[in-house]
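Working notes, structure below.
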Amino acid sequence: MERIGLIAGNGTFPLLVLDAARAAGYEVVVAAIKEEAFPEIEGRGAASVHWLSLGELSELIETFQREGVRRAIMAGQVKHKQIFSAIRPDWRLAKLLLSLTTRNTDSLLGAVAKVLAEEGITLENSTWLLEPLLAKSGVLTRRAPTDEERKNIEYGRAVGRQLARHDIGQTVVIAESACVAVEAMEGSDATIERAGQIMSSLRGDASTLSRALTVVKIAKPNQDMRFDVPVVGVKTIEVMQAAGATCLALDAEKCLLLDGEKILEAANAVGIAVVADRA
């Protein structure tokens, strides 16, 4: 039975990968990031679970080598701001950080993938075992986007493509073809919440700007499917509803619906339209 490694960040994404890998007949060695991974990863039938700090790159490599891991998957969010927080990088990660000309997600995780490969560990696509959960093309909910929401999507995609080209963020929030919020280090949920706060701060019942928000979440132009793949879950719908967002636009075949049909059920229940278009 082949052993594969799982580098687990936060959220349910790593749990789904672990379950899918075991169902496919793999033994899974989990490297759970202390600052991010959910404790539930302990009880999912992994061959072993090793809790490592975000800064312990050498320990990660040595653990996988000791456990006979030659292929690994990186799943779950690692908040970009964690890299700049109180973690103590080991010599290998410190050297890697010093070598980067930019410290965006692609350059950082791409460099980690390169170091792993040099040590005989291949990083596979994070969606490798979860392809049925990738968003299919078309309107996914009972309600299709309105004409106004379609205009927001078109504009949001244009803005989002520029952000993604520079690896700044994946999410933009639009109201009546005006950009209300863009994602940087804070993450998608915080971006949507901030957009809601901005709209609620507008004074008076009447406004030249519609309060209804459209959330556009896109992949990068040359999305590396090994890491930082766009994901949404039921929580995304809950955050959108609280913020006053009525439409969610995704990239087909590039965004994971972590909770599967439950996401669409949640969206249908509150009248949020979800649509996936090919990039």
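As shown in the structure tokens, the chain order sets the letters A, B, ...; within each chain, residues go from 1, and ligands are also counted from 1 in the order they appear.
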
Closest atom pairs, residues of range 138-189 of chain A within 8 Å of range 239-254 of chain A, only C-alpha atoms, as JSON lines:
{"residue": "A:Gly138", "atom": "CA", "partner": "A:Ala252", "partner_atom": "CA", "distance": 7.9}
{"residue": "A:Pro145", "atom": "CA", "partner": "A:Cys247", "partner_atom": "CA", "distance": 6.7}
{"residue": "A:Glu149", "atom": "CA", "partner": "A:Cys247", "partner_atom": "CA", "distance": 6.8}
{"residue": "A:Ile153", "atom": "CA", "partner": "A:Ala249", "partner_atom": "CA", "distance": 6.6}
{"residue": "A:Asp189", "atom": "CA", "partner": "A:Val239", "partner_atom": "CA", "distance": 6.5}

### Message
Residues of range 18-52 of chain A classed as alpha helix (DSSP H) by DSSP on the backbone are to be reported as a list in words.
### Response
Leu18, Asp19, Ala20, Ala21, Arg22 and Ala23 of chain A

#### Entry: Within 9 Å of Val28 in chain A using only C-alpha atoms, minus same-chain residues under 5 positions, as a list of chain:residue names
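Near Val28 in chain A, the qualifying residues are A:Glu2, A:Arg3, A:Ile4, A:Gly5, A:Leu6, A:Leu18, A:Ala21, A:Arg22, A:Gly45, A:Ala46, A:Ala47, A:Ser48, A:Val49, A:Val69.
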
### All residues 7 Å or closer to Glu36 in chain A, only C-alpha atoms, same chain fewer than 5 positions away omitted, as a list in words
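Neighbouring residues, sequence-local ones excluded: Gly9, Asn10 and Val78 of chain A.
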
Export N, CA, C and O atoms of the chosen residues as an mmCIF file, in the first residue's frame?
data_model
loop_
_atom_site.group_PDB
_atom_site.id
_atom_site.type_symbol
_atom_site.label_atom_id
_atom_site.label_comp_id
_atom_site.auth_asym_id
_atom_site.auth_seq_id
_atom_site.Cartn_x
_atom_site.Cartn_y
_atom_site.Cartn_z
ATOM 1 N N GLY A 9 -3.436 22.274 6.216
ATOM 2 C CA GLY A 9 -3.716 23.598 6.753
ATOM 3 C C GLY A 9 -5.077 23.592 7.423
ATOM 4 O O GLY A 9 -5.551 22.545 7.886
ATOM 5 N N ASN A 10 -5.760 24.749 7.446
ATOM 6 C CA ASN A 10 -7.033 24.783 8.160
ATOM 7 C C ASN A 10 -8.212 24.475 7.252
ATOM 8 O O ASN A 10 -8.072 24.300 6.047
ATOM 9 N N VAL A 78 -3.384 28.161 4.528
ATOM 10 C CA VAL A 78 -2.375 28.681 5.451
ATOM 11 C C VAL A 78 -2.408 30.183 5.254
ATOM 12 O O VAL A 78 -2.046 30.682 4.201
#

### Closest of A:Leu16, A:Ile61, A:Ala158, A:Arg142 to Asn268 in chain A - atom-to-atom distances counting only C-alpha atoms
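Distance minimum relative to Asn268 in chain A lands on A:Arg142.
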
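Separating CA of Gly43 in chain A from CA of Glu62 in chain A is a distance of 23.4 Å.
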
### Task
Write out as a PyMOL selection string each polymer residue whose atoms come within 10 Å of Glu119 in chain A, counting only C-alpha atoms; drop sequence neighbours fewer than 2 positions from it.
chain A and resi 61-62+64-65+70+113-117+121-122

#### Entry: Expected answer as a ChimeraX atom specification: strand (DSSP E or B) residues in range 20-128 of chain A
/A:27-33,48-52,71-75,77,122-124

Go ahead and write the selection's residues with N, CA and C atoms as a JSON list (two decimals), in the first residue's frame.
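Dumped to again_37.json:
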[["chain", "number", "residue", "atom", "x", "y", "z"],
["A", 27, "GLU", "N", -2.27, 4.75, 2.26],
["A", 27, "GLU", "CA", -1.96, 5.11, 3.64],
["A", 27, "GLU", "C", -1.53, 6.57, 3.64],
["A", 28, "VAL", "N", -1.99, 7.32, 4.63],
["A", 28, "VAL", "CA", -1.74, 8.76, 4.63],
["A", 28, "VAL", "C", -0.94, 9.16, 5.86],
["A", 29, "VAL", "N", 0.18, 9.83, 5.59],
["A", 29, "VAL", "CA", 1.01, 10.41, 6.65],
["A", 29, "VAL", "C", 0.71, 11.90, 6.67],
["A", 30, "VAL", "N", 0.17, 12.37, 7.77],
["A", 30, "VAL", "CA", -0.26, 13.76, 7.87],
["A", 30, "VAL", "C", 0.79, 14.61, 8.57],
["A", 31, "ALA", "N", 1.17, 15.70, 7.91],
["A", 31, "ALA", "CA", 1.96, 16.75, 8.55],
["A", 31, "ALA", "C", 0.98, 17.89, 8.82],
["A", 32, "ALA", "N", 0.50, 17.98, 10.05],
["A", 32, "ALA", "CA", -0.52, 18.95, 10.42],
["A", 32, "ALA", "C", 0.16, 20.22, 10.92],
["A", 33, "ILE", "N", -0.18, 21.34, 10.32],
["A", 33, "ILE", "CA", 0.43, 22.62, 10.70],
["A", 33, "ILE", "C", -0.21, 23.11, 12.00],
["A", 48, "SER", "N", -0.32, 8.04, 10.40],
["A", 48, "SER", "CA", 0.32, 8.80, 11.48],
["A", 48, "SER", "C", 0.03, 10.27, 11.27],
["A", 49, "VAL", "N", 0.03, 11.03, 12.38],
["A", 49, "VAL", "CA", -0.18, 12.47, 12.33],
["A", 49, "VAL", "C", 0.96, 13.13, 13.09],
["A", 50, "HIS", "N", 1.64, 14.05, 12.42],
["A", 50, "HIS", "CA", 2.78, 14.76, 13.01],
["A", 50, "HIS", "C", 2.44, 16.24, 13.04],
["A", 51, "TRP", "N", 2.45, 16.84, 14.22],
["A", 51, "TRP", "CA", 2.14, 18.26, 14.36],
["A", 51, "TRP", "C", 3.42, 19.08, 14.25],
["A", 52, "LEU", "N", 3.47, 19.91, 13.22],
["A", 52, "LEU", "CA", 4.67, 20.69, 12.94],
["A", 52, "LEU", "C", 4.33, 22.17, 12.88],
["A", 71, "ARG", "N", 5.26, 11.03, -2.45],
["A", 71, "ARG", "CA", 4.29, 11.94, -3.06],
["A", 71, "ARG", "C", 3.47, 12.58, -1.95],
["A", 72, "ALA", "N", 3.13, 13.85, -2.12],
["A", 72, "ALA", "CA", 2.38, 14.56, -1.08],
["A", 72, "ALA", "C", 1.37, 15.51, -1.69],
["A", 73, "ILE", "N", 0.38, 15.86, -0.89],
["A", 73, "ILE", "CA", -0.65, 16.82, -1.28],
["A", 73, "ILE", "C", -0.68, 17.93, -0.23],
["A", 74, "MET", "N", -0.78, 19.16, -0.70],
["A", 74, "MET", "CA", -0.93, 20.30, 0.19],
["A", 74, "MET", "C", -2.38, 20.74, 0.14],
["A", 75, "ALA", "N", -3.08, 20.72, 1.28],
["A", 75, "ALA", "CA", -4.50, 21.05, 1.30],
["A", 75, "ALA", "C", -4.84, 21.86, 2.53],
["A", 77, "GLN", "N", -6.10, 25.98, 3.93],
["A", 77, "GLN", "CA", -5.54, 27.33, 3.91],
["A", 77, "GLN", "C", -4.42, 27.48, 4.94],
["A", 122, "THR", "N", 7.42, 14.56, -4.40],
["A", 122, "THR", "CA", 6.68, 15.26, -5.45],
["A", 122, "THR", "C", 5.36, 15.78, -4.89],
["A", 123, "LEU", "N", 5.08, 17.05, -5.11],
["A", 123, "LEU", "CA", 3.82, 17.64, -4.68],
["A", 123, "LEU", "C", 2.79, 17.47, -5.79],
["A", 124, "GLU", "N", 1.72, 16.73, -5.50],
["A", 124, "GLU", "CA", 0.66, 16.48, -6.47],
["A", 124, "GLU", "C", -0.37, 17.61, -6.45]]

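Straight-line separation from CA of Lys95 in chain A to CA of Lys220 in chain A: 26.8 Å.
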
### Message
When you count only C-alpha atoms, which of these residues is closest to Leu97 in chain A: A:Gly76, A:Gly55, A:Gly120, A:Gly260?
### Response
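Closest to Leu97 in chain A, using only C-alpha atoms: A:Gly55.
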
### Message
I'd like to know which of A:Asp106, A:Arg278, A:Arg150, A:Glu118 is closest to Asn222 in chain A, using only C-alpha atoms.
### Response
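Looking only at the distances to Asn222 in chain A, the closest residue turns out to be A:Asp106.
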
### Message
Please list as a PyMOL selection string every residue within 12 Å of Gly187 in chain A, counting only C-alpha atoms and excluding residues in the same chain fewer than 6 positions away.
### Response
chain A and resi 77-82+168-172+181+193-194+217+228+230-232+236

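Neighbouring residues of Asn104 in chain A at 10 Å or closer, counting only C-alpha atoms and skipping chain neighbours under 2 positions away, are His80, Leu100, Thr101, Thr102, Asp106, Ser107, Leu108, Leu109, Gly110, His166, Asp167, Ile168, Gly169, Ala184 and Met185 of chain A.
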
### Query
Which of these, A:Gly233, A:Leu134, A:Leu60, A:Leu213, has the shortest distance to Val173 in chain A once you count only C-alpha atoms?
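Closest to Val173 in chain A, using only C-alpha atoms: A:Leu213.
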
### Among listed residues A:Ser58, A:Ser53, A:Asn125, A:Ser200, nearest Arg88 in chain A (using only C-alpha atoms)
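Using only C-alpha atoms, the shortest distance to Arg88 in chain A belongs to A:Ser53.
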
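Taking CA of Ile41 in chain A as the reference point, CA of Ala20 in chain A is found at 13.4 Å.
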
### Message
Considering only C-alpha atoms, can you say which of A:Val229, A:Val182, A:Leu15, A:Leu130 comes closest to Val216 in chain A?
### Response
A:Val182
